[in-house]
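Engineer: Input file: input_35.pdb. Contents: PDB, C-alpha atoms and all ligand atoms.
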```
ATOM      1  CA  MET P   1     -22.511  22.958  39.300
ATOM      2  CA  SER P   2     -21.521  23.883  35.722
ATOM      3  CA  PRO P   3     -18.103  25.517  35.526
ATOM      4  CA  SER P   4     -18.296  28.788  33.607
ATOM      5  CA  ALA P   5     -15.897  31.342  32.136
ATOM      6  CA  PHE P   6     -16.489  35.043  31.573
ATOM      7  CA  ALA P   7     -15.773  36.345  28.052
ATOM      8  CA  PRO P   8     -15.169  40.088  28.525
ATOM      9  CA  ALA P   9     -15.642  42.710  25.830
ATOM     10  CA  LYS P  10     -12.308  43.894  24.429
ATOM     11  CA  VAL P  11     -11.824  47.627  23.882
ATOM     12  CA  ASN P  12      -9.060  49.113  21.721
ATOM     13  CA  LEU P  13      -8.138  52.348  23.504
ATOM     14  CA  TYR P  14      -6.022  53.104  20.458
ATOM     15  CA  LEU P  15      -5.531  51.165  17.246
ATOM     16  CA  HIS P  16      -2.785  52.114  14.821
ATOM     17  CA  VAL P  17      -2.830  50.287  11.507
ATOM     18  CA  GLY P  18      -0.042  50.086   8.921
ATOM     19  CA  PRO P  19      -0.350  49.477   5.185
ATOM     20  CA  LEU P  20      -1.223  46.002   3.913
ATOM     21  CA  GLY P  21       1.924  43.828   3.960
ATOM     22  CA  PRO P  22       3.084  41.212   1.424
ATOM     23  CA  ASP P  23       1.558  38.557   3.718
ATOM     24  CA  ARG P  24      -1.846  40.218   3.051
ATOM     25  CA  TYR P  25      -2.137  41.278   6.705
ATOM     26  CA  HIS P  26      -2.140  44.758   8.204
ATOM     27  CA  PRO P  27       0.396  45.302  10.975
ATOM     28  CA  ILE P  28      -1.259  46.876  14.005
ATOM     29  CA  GLU P  29      -0.361  48.369  17.348
ATOM     30  CA  SER P  30      -3.132  48.565  19.911
ATOM     31  CA  TRP P  31      -3.583  49.150  23.628
ATOM     32  CA  MET P  32      -6.324  46.682  24.490
ATOM     33  CA  VAL P  33      -8.240  46.635  27.748
ATOM     34  CA  PHE P  34     -11.127  44.457  28.902
ATOM     35  CA  ALA P  35     -14.534  45.352  30.308
ATOM     36  CA  ASP P  36     -16.537  43.911  33.171
ATOM     37  CA  VAL P  37     -19.382  43.325  30.689
ATOM     38  CA  GLY P  38     -19.295  40.340  28.361
ATOM     39  CA  ASP P  39     -20.552  36.907  27.393
ATOM     40  CA  GLU P  40     -20.537  33.779  29.551
ATOM     41  CA  VAL P  41     -19.552  30.282  28.439
ATOM     42  CA  SER P  42     -20.445  27.322  30.657
ATOM     43  CA  LEU P  43     -19.779  23.596  30.515
ATOM     44  CA  SER P  44     -22.143  20.927  31.829
ATOM     45  CA  PRO P  45     -20.539  17.543  32.475
ATOM     46  CA  GLY P  46     -22.847  14.759  31.260
ATOM     47  CA  GLY P  47     -24.824  17.152  29.004
ATOM     48  CA  ALA P  48     -25.575  16.650  25.287
ATOM     49  CA  TYR P  49     -22.462  17.195  23.135
ATOM     50  CA  GLY P  50     -23.495  20.478  21.517
ATOM     51  CA  LEU P  51     -23.977  24.197  22.057
ATOM     52  CA  ALA P  52     -26.984  25.802  23.721
ATOM     53  CA  LEU P  53     -27.426  29.507  22.969
ATOM     54  CA  ALA P  54     -29.033  32.069  25.261
ATOM     55  CA  GLY P  55     -28.937  35.831  25.837
ATOM     56  CA  PRO P  56     -30.053  38.869  23.831
ATOM     57  CA  TYR P  57     -27.768  38.227  20.821
ATOM     58  CA  ALA P  58     -28.153  34.410  20.673
ATOM     59  CA  GLY P  59     -30.007  34.685  17.360
ATOM     60  CA  GLU P  60     -27.122  36.514  15.662
ATOM     61  CA  VAL P  61     -24.338  33.948  16.020
ATOM     62  CA  PRO P  62     -23.928  30.668  14.135
ATOM     63  CA  ALA P  63     -25.547  27.765  16.009
ATOM     64  CA  GLY P  64     -23.342  25.139  14.311
ATOM     65  CA  PRO P  65     -19.629  24.297  14.066
ATOM     66  CA  ASP P  66     -18.693  27.800  12.840
ATOM     67  CA  ASN P  67     -19.486  29.254  16.242
ATOM     68  CA  LEU P  68     -16.143  30.159  17.785
ATOM     69  CA  VAL P  69     -17.137  28.332  20.983
ATOM     70  CA  LEU P  70     -17.411  25.078  19.031
ATOM     71  CA  ARG P  71     -14.281  25.829  16.986
ATOM     72  CA  ALA P  72     -12.389  26.238  20.283
ATOM     73  CA  ARG P  73     -13.968  23.056  21.708
ATOM     74  CA  ASP P  74     -13.072  21.098  18.571
ATOM     75  CA  ALA P  75      -9.496  22.396  18.558
ATOM     76  CA  ALA P  76      -9.098  21.305  22.191
ATOM     77  CA  MET P  77     -10.793  17.926  21.640
ATOM     78  CA  ALA P  78      -8.436  17.219  18.713
ATOM     79  CA  GLU P  79      -5.724  16.908  21.396
ATOM     80  CA  MET P  80      -7.657  14.051  23.088
ATOM     81  CA  THR P  81      -9.082  10.647  22.311
ATOM     82  CA  ARG P  82     -12.818  11.292  22.297
ATOM     83  CA  ALA P  83     -13.582   8.078  24.217
ATOM     84  CA  SER P  84     -11.331   9.200  27.084
ATOM     85  CA  VAL P  85     -13.403  12.333  27.737
ATOM     86  CA  GLN P  86     -16.566  12.316  29.839
ATOM     87  CA  ARG P  87     -19.510  13.668  27.793
ATOM     88  CA  PHE P  88     -20.193  17.384  28.215
ATOM     89  CA  GLY P  89     -22.285  20.168  26.707
ATOM     90  CA  LEU P  90     -21.524  23.864  26.277
ATOM     91  CA  ARG P  91     -23.731  26.925  26.699
ATOM     92  CA  LEU P  92     -23.077  30.449  25.450
ATOM     93  CA  GLU P  93     -24.896  33.421  26.914
ATOM     94  CA  LYS P  94     -24.442  35.983  24.134
ATOM     95  CA  ASN P  95     -24.717  39.427  25.703
ATOM     96  CA  LEU P  96     -22.354  41.344  23.403
ATOM     97  CA  PRO P  97     -23.515  42.694  20.046
ATOM     98  CA  VAL P  98     -22.035  40.732  17.138
ATOM     99  CA  ALA P  99     -19.546  42.181  14.598
ATOM    100  CA  SER P 100     -19.320  45.234  16.834
ATOM    101  CA  GLY P 101     -15.593  45.836  17.422
ATOM    102  CA  LEU P 102     -15.746  44.318  20.924
ATOM    103  CA  GLY P 103     -14.086  41.049  19.914
ATOM    104  CA  GLY P 104     -16.952  38.981  21.299
ATOM    105  CA  GLY P 105     -16.261  35.940  19.131
ATOM    106  CA  SER P 106     -12.547  35.918  20.007
ATOM    107  CA  SER P 107     -13.358  36.359  23.687
ATOM    108  CA  ASP P 108     -15.876  33.481  23.542
ATOM    109  CA  ALA P 109     -13.186  31.286  21.964
ATOM    110  CA  ALA P 110     -10.708  32.291  24.688
ATOM    111  CA  ALA P 111     -13.222  31.605  27.482
ATOM    112  CA  THR P 112     -13.992  28.195  25.953
ATOM    113  CA  LEU P 113     -10.279  27.358  25.817
ATOM    114  CA  ARG P 114      -9.956  28.249  29.514
ATOM    115  CA  LEU P 115     -12.864  25.923  30.374
ATOM    116  CA  MET P 116     -11.634  23.123  28.128
ATOM    117  CA  GLY P 117      -8.107  23.464  29.494
ATOM    118  CA  GLU P 118      -9.391  22.802  32.984
ATOM    119  CA  TYR P 119     -11.819  20.059  31.976
ATOM    120  CA  LEU P 120      -9.313  18.178  29.836
ATOM    121  CA  GLY P 121      -6.197  19.045  31.843
ATOM    122  CA  LEU P 122      -4.408  20.690  28.913
ATOM    123  CA  PRO P 123      -1.168  22.571  29.721
ATOM    124  CA  ALA P 124      -1.021  26.382  29.320
ATOM    125  CA  THR P 125       1.498  26.104  26.468
ATOM    126  CA  LYS P 126      -0.946  23.931  24.502
ATOM    127  CA  LEU P 127      -3.769  26.399  25.169
ATOM    128  CA  ALA P 128      -1.556  29.226  23.878
ATOM    129  CA  ASP P 129      -0.912  27.282  20.627
ATOM    130  CA  LEU P 130      -4.633  26.607  20.215
ATOM    131  CA  ALA P 131      -5.457  30.283  20.855
ATOM    132  CA  ARG P 132      -3.092  31.383  18.063
ATOM    133  CA  SER P 133      -4.700  28.876  15.677
ATOM    134  CA  LEU P 134      -8.196  30.257  16.327
ATOM    135  CA  GLY P 135      -7.584  33.904  15.387
ATOM    136  CA  SER P 136      -5.273  36.895  15.780
ATOM    137  CA  ASP P 137      -7.169  38.379  18.745
ATOM    138  CA  VAL P 138      -7.714  35.121  20.638
ATOM    139  CA  PRO P 139      -4.327  35.107  22.469
ATOM    140  CA  ALA P 140      -5.056  38.657  23.731
ATOM    141  CA  CYS P 141      -8.509  37.532  24.906
ATOM    142  CA  VAL P 142      -6.933  34.607  26.786
ATOM    143  CA  MET P 143      -4.845  37.166  28.729
ATOM    144  CA  ALA P 144      -7.860  39.477  29.141
ATOM    145  CA  ARG P 145      -5.903  42.260  30.862
ATOM    146  CA  SER P 146      -4.326  45.537  29.773
ATOM    147  CA  LEU P 147      -1.901  44.693  26.971
ATOM    148  CA  ILE P 148      -0.246  46.023  23.847
ATOM    149  CA  ALA P 149      -0.821  43.926  20.750
ATOM    150  CA  ARG P 150       1.405  44.183  17.697
ATOM    151  CA  GLY P 151       1.967  42.249  14.476
ATOM    152  CA  ARG P 152      -1.366  40.805  13.401
ATOM    153  CA  GLY P 153      -2.532  41.292  16.984
ATOM    154  CA  GLU P 154      -0.937  38.077  18.221
ATOM    155  CA  GLN P 155       2.338  39.621  19.530
ATOM    156  CA  ILE P 156       1.415  40.582  23.052
ATOM    157  CA  SER P 157       3.276  42.535  25.691
ATOM    158  CA  PRO P 158       2.076  43.989  29.010
ATOM    159  CA  GLY P 159       0.003  47.147  28.565
ATOM    160  CA  PHE P 160       0.013  50.426  30.476
ATOM    161  CA  GLU P 161      -0.917  49.886  34.117
ATOM    162  CA  SER P 162      -3.609  52.315  35.244
ATOM    163  CA  PRO P 163      -6.422  52.604  37.756
ATOM    164  CA  PRO P 164      -9.626  50.993  36.362
ATOM    165  CA  MET P 165     -11.287  53.353  33.863
ATOM    166  CA  HIS P 166     -14.975  54.247  34.069
ATOM    167  CA  ALA P 167     -16.600  54.110  30.665
ATOM    168  CA  VAL P 168     -19.805  53.836  28.696
ATOM    169  CA  LEU P 169     -19.910  51.525  25.671
ATOM    170  CA  VAL P 170     -22.372  52.479  22.946
ATOM    171  CA  ASN P 171     -23.361  50.549  19.834
ATOM    172  CA  PRO P 172     -25.884  51.992  17.386
ATOM    173  CA  GLY P 173     -27.283  48.536  16.586
ATOM    174  CA  ARG P 174     -25.597  48.154  13.190
ATOM    175  CA  ALA P 175     -23.155  45.324  12.486
ATOM    176  CA  VAL P 176     -20.031  46.505  10.640
ATOM    177  CA  SER P 177     -17.961  44.147   8.483
ATOM    178  CA  THR P 178     -14.291  44.231   9.519
ATOM    179  CA  ALA P 179     -13.297  43.214   5.956
ATOM    180  CA  ALA P 180     -15.257  46.116   4.459
ATOM    181  CA  VAL P 181     -13.605  48.599   6.838
ATOM    182  CA  PHE P 182     -10.112  47.355   5.961
ATOM    183  CA  GLY P 183     -11.105  47.427   2.265
ATOM    184  CA  LEU P 184     -11.880  51.132   2.500
ATOM    185  CA  PHE P 185      -8.795  51.766   4.682
ATOM    186  CA  ASP P 186      -6.675  50.255   1.866
ATOM    187  CA  GLN P 187      -7.905  52.873  -0.579
ATOM    188  CA  GLY P 188      -5.984  55.538   1.390
ATOM    189  CA  ARG P 189      -2.192  56.049   1.639
ATOM    190  CA  HIS P 190      -0.688  54.991   4.959
ATOM    191  CA  GLU P 191       2.718  55.321   6.595
ATOM    192  CA  PRO P 192       4.368  52.176   8.014
ATOM    193  CA  LEU P 193       3.971  51.876  11.780
ATOM    194  CA  GLY P 194       6.843  53.415  13.704
ATOM    195  CA  GLU P 195       8.481  51.988  16.776
ATOM    196  CA  GLY P 196       5.329  52.424  18.853
ATOM    197  CA  LEU P 197       4.654  53.310  22.456
ATOM    198  CA  ALA P 198       6.403  51.782  25.451
ATOM    199  CA  ALA P 199       3.961  50.829  28.199
ATOM    200  CA  ARG P 200       4.454  52.340  31.656
ATOM    201  CA  THR P 201       2.526  52.888  34.857
ATOM    202  CA  LEU P 202      -0.103  55.644  34.760
ATOM    203  CA  SER P 203      -1.506  56.883  38.028
ATOM    204  CA  SER P 204      -4.672  58.714  36.965
ATOM    205  CA  LEU P 205      -7.236  59.180  34.204
ATOM    206  CA  ASP P 206      -5.398  62.391  33.253
ATOM    207  CA  ASP P 207      -2.247  60.333  32.636
ATOM    208  CA  VAL P 208      -4.270  57.890  30.508
ATOM    209  CA  LEU P 209      -5.723  60.774  28.501
ATOM    210  CA  GLY P 210      -2.229  62.179  28.046
ATOM    211  CA  VAL P 211      -1.127  58.928  26.391
ATOM    212  CA  LEU P 212      -4.302  58.648  24.326
ATOM    213  CA  ALA P 213      -4.016  62.245  23.075
ATOM    214  CA  ALA P 214      -1.079  61.200  20.898
ATOM    215  CA  THR P 215      -2.934  58.167  19.500
ATOM    216  CA  ARG P 216      -5.974  57.328  17.350
ATOM    217  CA  ASN P 217      -8.098  54.574  15.910
ATOM    218  CA  ASP P 218      -7.055  54.422  12.247
ATOM    219  CA  LEU P 219     -10.185  52.464  11.349
ATOM    220  CA  GLU P 220     -12.539  55.160  12.643
ATOM    221  CA  ALA P 221     -12.596  57.205   9.399
ATOM    222  CA  PRO P 222     -13.307  54.295   7.014
ATOM    223  CA  ALA P 223     -15.842  52.766   9.435
ATOM    224  CA  LEU P 224     -17.630  56.128   9.682
ATOM    225  CA  ARG P 225     -17.991  56.255   5.903
ATOM    226  CA  ILE P 226     -19.505  52.758   5.874
ATOM    227  CA  GLU P 227     -21.783  53.336   8.866
ATOM    228  CA  PRO P 228     -22.726  56.979   9.481
ATOM    229  CA  ALA P 229     -24.507  55.972  12.720
ATOM    230  CA  ILE P 230     -21.003  55.770  14.254
ATOM    231  CA  GLY P 231     -20.756  59.534  13.737
ATOM    232  CA  GLU P 232     -24.025  60.006  15.620
ATOM    233  CA  VAL P 233     -22.723  57.941  18.537
ATOM    234  CA  LEU P 234     -19.422  59.846  18.679
ATOM    235  CA  ALA P 235     -21.252  63.190  18.460
ATOM    236  CA  ALA P 236     -23.606  62.217  21.306
ATOM    237  CA  LEU P 237     -20.669  61.124  23.485
ATOM    238  CA  ARG P 238     -18.582  64.216  22.686
ATOM    239  CA  ALA P 239     -21.518  66.523  23.423
ATOM    240  CA  SER P 240     -21.686  65.248  27.004
ATOM    241  CA  PRO P 241     -19.683  67.063  29.699
ATOM    242  CA  ALA P 242     -19.320  63.651  31.396
ATOM    243  CA  VAL P 243     -17.048  62.379  28.609
ATOM    244  CA  ARG P 244     -13.296  63.078  28.722
ATOM    245  CA  LEU P 245     -12.551  61.098  25.536
ATOM    246  CA  ALA P 246     -14.772  59.356  22.964
ATOM    247  CA  ARG P 247     -13.407  56.975  20.357
ATOM    248  CA  MET P 248     -14.403  53.912  18.325
ATOM    249  CA  SER P 249     -13.198  50.409  19.312
ATOM    250  CA  GLY P 250     -11.773  47.941  16.767
ATOM    251  CA  SER P 251     -13.460  48.176  13.380
ATOM    252  CA  GLY P 252     -16.658  49.502  14.982
ATOM    253  CA  ALA P 253     -19.382  50.250  15.350
ATOM    254  CA  THR P 254     -19.082  50.280  19.181
ATOM    255  CA  CYS P 255     -17.637  53.476  20.655
ATOM    256  CA  PHE P 256     -16.530  54.203  24.199
ATOM    257  CA  GLY P 257     -16.672  57.322  26.311
ATOM    258  CA  LEU P 258     -14.178  57.595  29.179
ATOM    259  CA  CYS P 259     -15.630  59.321  32.244
ATOM    260  CA  GLU P 260     -14.156  60.740  35.440
ATOM    261  CA  ASN P 261     -16.067  58.465  37.832
ATOM    262  CA  PRO P 262     -18.883  55.860  37.979
ATOM    263  CA  GLN P 263     -21.553  58.504  38.727
ATOM    264  CA  ALA P 264     -20.682  60.433  35.568
ATOM    265  CA  ALA P 265     -20.822  57.204  33.531
ATOM    266  CA  GLU P 266     -24.202  56.202  35.038
ATOM    267  CA  GLY P 267     -25.688  59.641  34.327
ATOM    268  CA  LEU P 268     -24.416  59.605  30.751
ATOM    269  CA  ALA P 269     -25.780  56.090  30.132
ATOM    270  CA  ALA P 270     -29.206  57.051  31.496
ATOM    271  CA  SER P 271     -29.471  60.057  29.192
ATOM    272  CA  LEU P 272     -28.251  58.099  26.136
ATOM    273  CA  GLU P 273     -30.781  55.328  26.831
ATOM    274  CA  ARG P 274     -33.536  57.913  27.126
ATOM    275  CA  ASP P 275     -32.603  59.785  23.931
ATOM    276  CA  HIS P 276     -31.640  56.743  21.813
ATOM    277  CA  PRO P 277     -33.774  53.756  22.800
ATOM    278  CA  GLY P 278     -32.423  51.680  19.875
ATOM    279  CA  TRP P 279     -28.795  51.913  21.006
ATOM    280  CA  TRP P 280     -26.978  49.309  23.120
ATOM    281  CA  VAL P 281     -25.578  51.269  26.080
ATOM    282  CA  LYS P 282     -23.491  49.741  28.908
ATOM    283  CA  VAL P 283     -21.689  51.281  31.850
ATOM    284  CA  CYS P 284     -18.459  49.418  32.585
ATOM    285  CA  THR P 285     -15.000  49.574  34.041
ATOM    286  CA  LEU P 286     -12.025  48.876  31.785
ATOM    287  CA  SER P 287      -8.756  47.394  33.016
TER
HETATM  288  P1  LIG P 301     -13.277  42.199  16.271
HETATM  289  O1  LIG P 301     -13.282  43.378  17.192
HETATM  290  O2  LIG P 301     -12.297  41.116  16.676
HETATM  291  O3  LIG P 301     -13.267  42.546  14.809
HETATM  292  P2  LIG P 301     -16.097  41.899  16.325
HETATM  293  O4  LIG P 301     -16.679  42.276  17.658
HETATM  294  O5  LIG P 301     -16.176  42.966  15.264
HETATM  295  O6  LIG P 301     -14.638  41.420  16.535
HETATM  296  P3  LIG P 301     -17.413  39.346  16.523
HETATM  297  O7  LIG P 301     -18.612  39.714  17.319
HETATM  298  O8  LIG P 301     -16.325  38.623  17.207
HETATM  299  O9  LIG P 301     -16.825  40.629  15.783
HETATM  300  O10 LIG P 301     -17.962  38.515  15.262
HETATM  301  C1  LIG P 301     -17.217  38.306  14.099
HETATM  302  C2  LIG P 301     -17.868  37.197  13.263
HETATM  303  O11 LIG P 301     -17.659  35.936  13.899
HETATM  304  C3  LIG P 301     -19.370  37.349  13.067
HETATM  305  O12 LIG P 301     -19.608  37.452  11.687
HETATM  306  C4  LIG P 301     -19.982  36.074  13.623
HETATM  307  O13 LIG P 301     -20.953  35.503  12.758
HETATM  308  C5  LIG P 301     -18.813  35.109  13.798
HETATM  309  N1  LIG P 301     -18.930  34.340  15.071
HETATM  310  C6  LIG P 301     -18.741  33.050  15.242
HETATM  311  N2  LIG P 301     -18.893  32.687  16.523
HETATM  312  C7  LIG P 301     -19.197  33.794  17.198
HETATM  313  C8  LIG P 301     -19.462  34.063  18.554
HETATM  314  N3  LIG P 301     -19.462  33.110  19.493
HETATM  315  N4  LIG P 301     -19.724  35.344  18.885
HETATM  316  C9  LIG P 301     -19.688  36.321  17.942
HETATM  317  N5  LIG P 301     -19.468  36.115  16.646
HETATM  318  C10 LIG P 301     -19.202  34.860  16.269
END
```
Is it possible to express this structure as structure tokens?
Ligand code: ATP

Structural biologist:
Amino acid sequence: MSPSAFAPAKVNLYLHVGPLGPDRYHPIESWMVFADVGDEVSLSPGGAYGLALAGPYAGEVPAGPDNLVLRARDAAMAEMTRASVQRFGLRLEKNLPVASGLGGGSSDAAATLRLMGEYLGLPATKLADLARSLGSDVPACVMARSLIARGRGEQISPGFESPPMHAVLVNPGRAVSTAAVFGLFDQGRHEPLGEGLAARTLSSLDDVLGVLAATRNDLEAPALRIEPAIGEVLAALRASPAVRLARMSGSGATCFGLCENPQAAEGLAASLERDHPGWWVKVCTLS
């Protein structure tokens, strides 16, 4: 059987962004959680040394060495002598929309590192180094559990503990360039990030909403100006009595609606799918 690793969608419940620093990076603070929807990476021992693509978004990711699955494979293989490794192939089932604020590429890289770590017997410390080298969000995706990310996103600490959240993810089917969103963000004036929130245990959705009420996604306004369809998604979510909070994730365009229970989320998803057949709509739990 081919070993496989799940690559969950990442959701930024809040995302605070500071002004561009002298290192040309924006400092961030974000509470990240992970969904039970995502991509799947699998490894077939003895298979052709390449990447097979499948799934609804297979046509929208690079098929060659730029694919983050192959970048993660190559980073791991650089630790080995090629001849010492039994031949293997990789397969990516691409279920998450691309350039959508769900961190799909980073999560694919993280899932590949997990698989390669097991296949090649690489120690966790080495995998952590490789994750950092592949992108700011990759270490968070290796953890794939509630966490607070700071710095460029690579400084990770445990996130708020809460019961799993019932949510609907909605993408209007438009890719949004992260660089373009930050470009527009930079045209505004921004305060440096303060000390930030200290994570604690939350016992209910009301507690979660209490924390989120004092937070925001600073990229929502610039992303909305670049892609007005984000406004339509947020308006549709906010118009529903099932939604307790609607917000954009990452640099968009995917938005999430937090719901009281799975039934409310299912009902909301059914009505959004009926009214907006072109949108990508997924019920999920976040934790
Ligand atoms: P983030 O929330 O981290 O900004 P995102 O969801 O907006 O991420 P991704 O879907 O990760 O963006 O894609 C970012 C870019 O990475 C795309 O332009 C895509 O071509 C490239 N890429 C390379 N490999 C992959 C992959 N396996 N899956 C998705 N994108 C990939």

Engineer: Given the file shown, enumerate the residues that the PyMOL selection byres (((not hetatm)) within 6 of (chain P and resi 301)) captures and present them as a PyMOL selection string.

Structural biologist: chain P and resi 61-62+66-69+98-106+108+178+250-251

Engineer: Evaluate the PyMOL selection byres (((chain P and resi 136-145) around 9) and not hetatm) against this structure - the residues, as a PyMOL selection string, please.

Structural biologist: chain P and resi 7-10+32-35+103+105-111+113-114+127-135+146-149+152-156+158-159+287

Engineer: Which one of P:Pro163, P:Lys126, P:Pro97, P:Leu20 sits closest to Asp207 of chain P if you count only C-alpha atoms?

Structural biologist: P:Pro163

Engineer: Find, counting all atoms listed in the file, the residue in P:Ala198, P:Leu224, P:Leu169, P:Ala229 that gets nearest to Ala269 of chain P.

Structural biologist: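 The answer is P:Leu169, which sits nearest to Ala269 of chain P.
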
Engineer: Go through P:Val233, P:Ala242, P:Leu51, P:Leu122 and flag the residue nearest Pro262 of chain P, using only C-alpha atoms for the distances.

Structural biologist: P:Ala242

Engineer: Quick one: apply the PyMOL selection byres (((chain P and resi 56) around 12) and not hetatm) to the file and drop the selected residues here as a list in words.

Structural biologist: Gly38, Asp39, Leu53, Ala54, Gly55, Tyr57, Ala58, Gly59, Glu60, Val61, Leu92, Glu93, Lys94, Asn95, Leu96, Pro97, Val98 and Trp280 of chain P

Engineer: Once you have the residues from the selection above, write them out as a JSON list (two decimals), keeping the file's coordinate frame, restricted to C-alpha atoms.

Structural biologist:
```json
[["chain", "number", "residue", "atom", "x", "y", "z"],
["P", 38, "GLY", "CA", -19.30, 40.34, 28.36],
["P", 39, "ASP", "CA", -20.55, 36.91, 27.39],
["P", 53, "LEU", "CA", -27.43, 29.51, 22.97],
["P", 54, "ALA", "CA", -29.03, 32.07, 25.26],
["P", 55, "GLY", "CA", -28.94, 35.83, 25.84],
["P", 57, "TYR", "CA", -27.77, 38.23, 20.82],
["P", 58, "ALA", "CA", -28.15, 34.41, 20.67],
["P", 59, "GLY", "CA", -30.01, 34.68, 17.36],
["P", 60, "GLU", "CA", -27.12, 36.51, 15.66],
["P", 61, "VAL", "CA", -24.34, 33.95, 16.02],
["P", 92, "LEU", "CA", -23.08, 30.45, 25.45],
["P", 93, "GLU", "CA", -24.90, 33.42, 26.91],
["P", 94, "LYS", "CA", -24.44, 35.98, 24.13],
["P", 95, "ASN", "CA", -24.72, 39.43, 25.70],
["P", 96, "LEU", "CA", -22.35, 41.34, 23.40],
["P", 97, "PRO", "CA", -23.52, 42.69, 20.05],
["P", 98, "VAL", "CA", -22.04, 40.73, 17.14],
["P", 280, "TRP", "CA", -26.98, 49.31, 23.12]]
```

Engineer: Mind giving me the straight-line distance from atom CA of Tyr49 of chain P to atom CA of Ala5 of chain P in Å, one decimal?

Structural biologist: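 Pair atom CA of Tyr49 of chain P / atom CA of Ala5 of chain P returns 18.0 Å.
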
Engineer: Point out the residue among P:Phe185, P:Tyr119, P:Phe6, P:Trp279 with the least atom-to-atom distance to Ala253 of chain P, counting only C-alpha atoms.

Structural biologist: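 Answer, going by the shortest atom-to-atom distance: P:Trp279.
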
Engineer: Quick one: residues within 9 Å of Leu193 of chain P, only C-alpha atoms, excluding same-chain residues fewer than 3 positions away - as a ChimeraX atom specification?

Structural biologist: /P:16-19,27-29,190,196

Engineer: For Ala223 of chain P, list every protein, DNA or RNA residue within 8 Å, evaluated using only C-alpha atoms, and leave out those in the same chain fewer than 3 positions away; present the list as a PDB file with C-alpha atoms, in the coordinates of the input.

Structural biologist:
```
ATOM      1  CA  VAL P 176     -20.031  46.505  10.640  1.00  0.00           C
ATOM      2  CA  VAL P 181     -13.605  48.599   6.838  1.00  0.00           C
ATOM      3  CA  LEU P 219     -10.185  52.464  11.349  1.00  0.00           C
ATOM      4  CA  GLU P 220     -12.539  55.160  12.643  1.00  0.00           C
ATOM      5  CA  ILE P 226     -19.505  52.758   5.874  1.00  0.00           C
ATOM      6  CA  GLU P 227     -21.783  53.336   8.866  1.00  0.00           C
ATOM      7  CA  ILE P 230     -21.003  55.770  14.254  1.00  0.00           C
ATOM      8  CA  SER P 251     -13.460  48.176  13.380  1.00  0.00           C
ATOM      9  CA  GLY P 252     -16.658  49.502  14.982  1.00  0.00           C
ATOM     10  CA  ALA P 253     -19.382  50.250  15.350  1.00  0.00           C
TER      11      ALA P 253
END
```

Engineer: Looking at P:Leu90, P:Leu197, P:Ala72, P:Met80, which one is nearest to Phe160 of chain P, with distances taken over all atoms listed in the file?

Structural biologist: P:Leu197

Engineer: Report, in Å with one decimal, the straight-line distance from atom CA of Glu195 of chain P to atom CA of Ser157 of chain P.

Structural biologist: 14.0 Å

Engineer: Between P:Gly257, P:Gly278, P:Pro192, P:Gly50, which one has atoms that come closest to Pro172 of chain P, using only C-alpha atoms?

Structural biologist: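 Answer, going by the shortest atom-to-atom distance: P:Gly278.
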
Engineer: May I ask for the distance between atom CA of Arg73 of chain P and atom CA of Gly151 of chain P, given in Å to one decimal place?

Structural biologist: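 These atoms are spaced 26.0 Å apart.
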
Engineer: For Ser271 of chain P, list every protein, DNA or RNA residue within 12 Å, evaluated using all atoms listed in the file, and leave out those in the same chain fewer than 6 positions away; present the list as a list in words.

Structural biologist: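 The filter keeps Val168, Ala236, Leu237, Ala239, Ser240, Ala242, Ala264, Ala265, Pro277, Trp279, Val281 and Lys282 of chain P.
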
Engineer: Name all residues at most 7 Å from Gly46 of chain P (count only C-alpha atoms; drop same-chain ones fewer than 3 positions away) and give them as a list in words.

Structural biologist: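 Non-adjacent residues within range: Gln86, Arg87 and Phe88 of chain P.
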
Engineer: Skipping near chain neighbours, those fewer than 2 positions away, what residues fall within 8 Å of Leu234 of chain P using all atoms listed in the file, listed as a list in words?

Structural biologist: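 Contacts, in chain order: Ile230, Gly231, Glu232, Ala236, Leu237, Arg238, Ala246, Arg247, Met248 and Cys255 of chain P.
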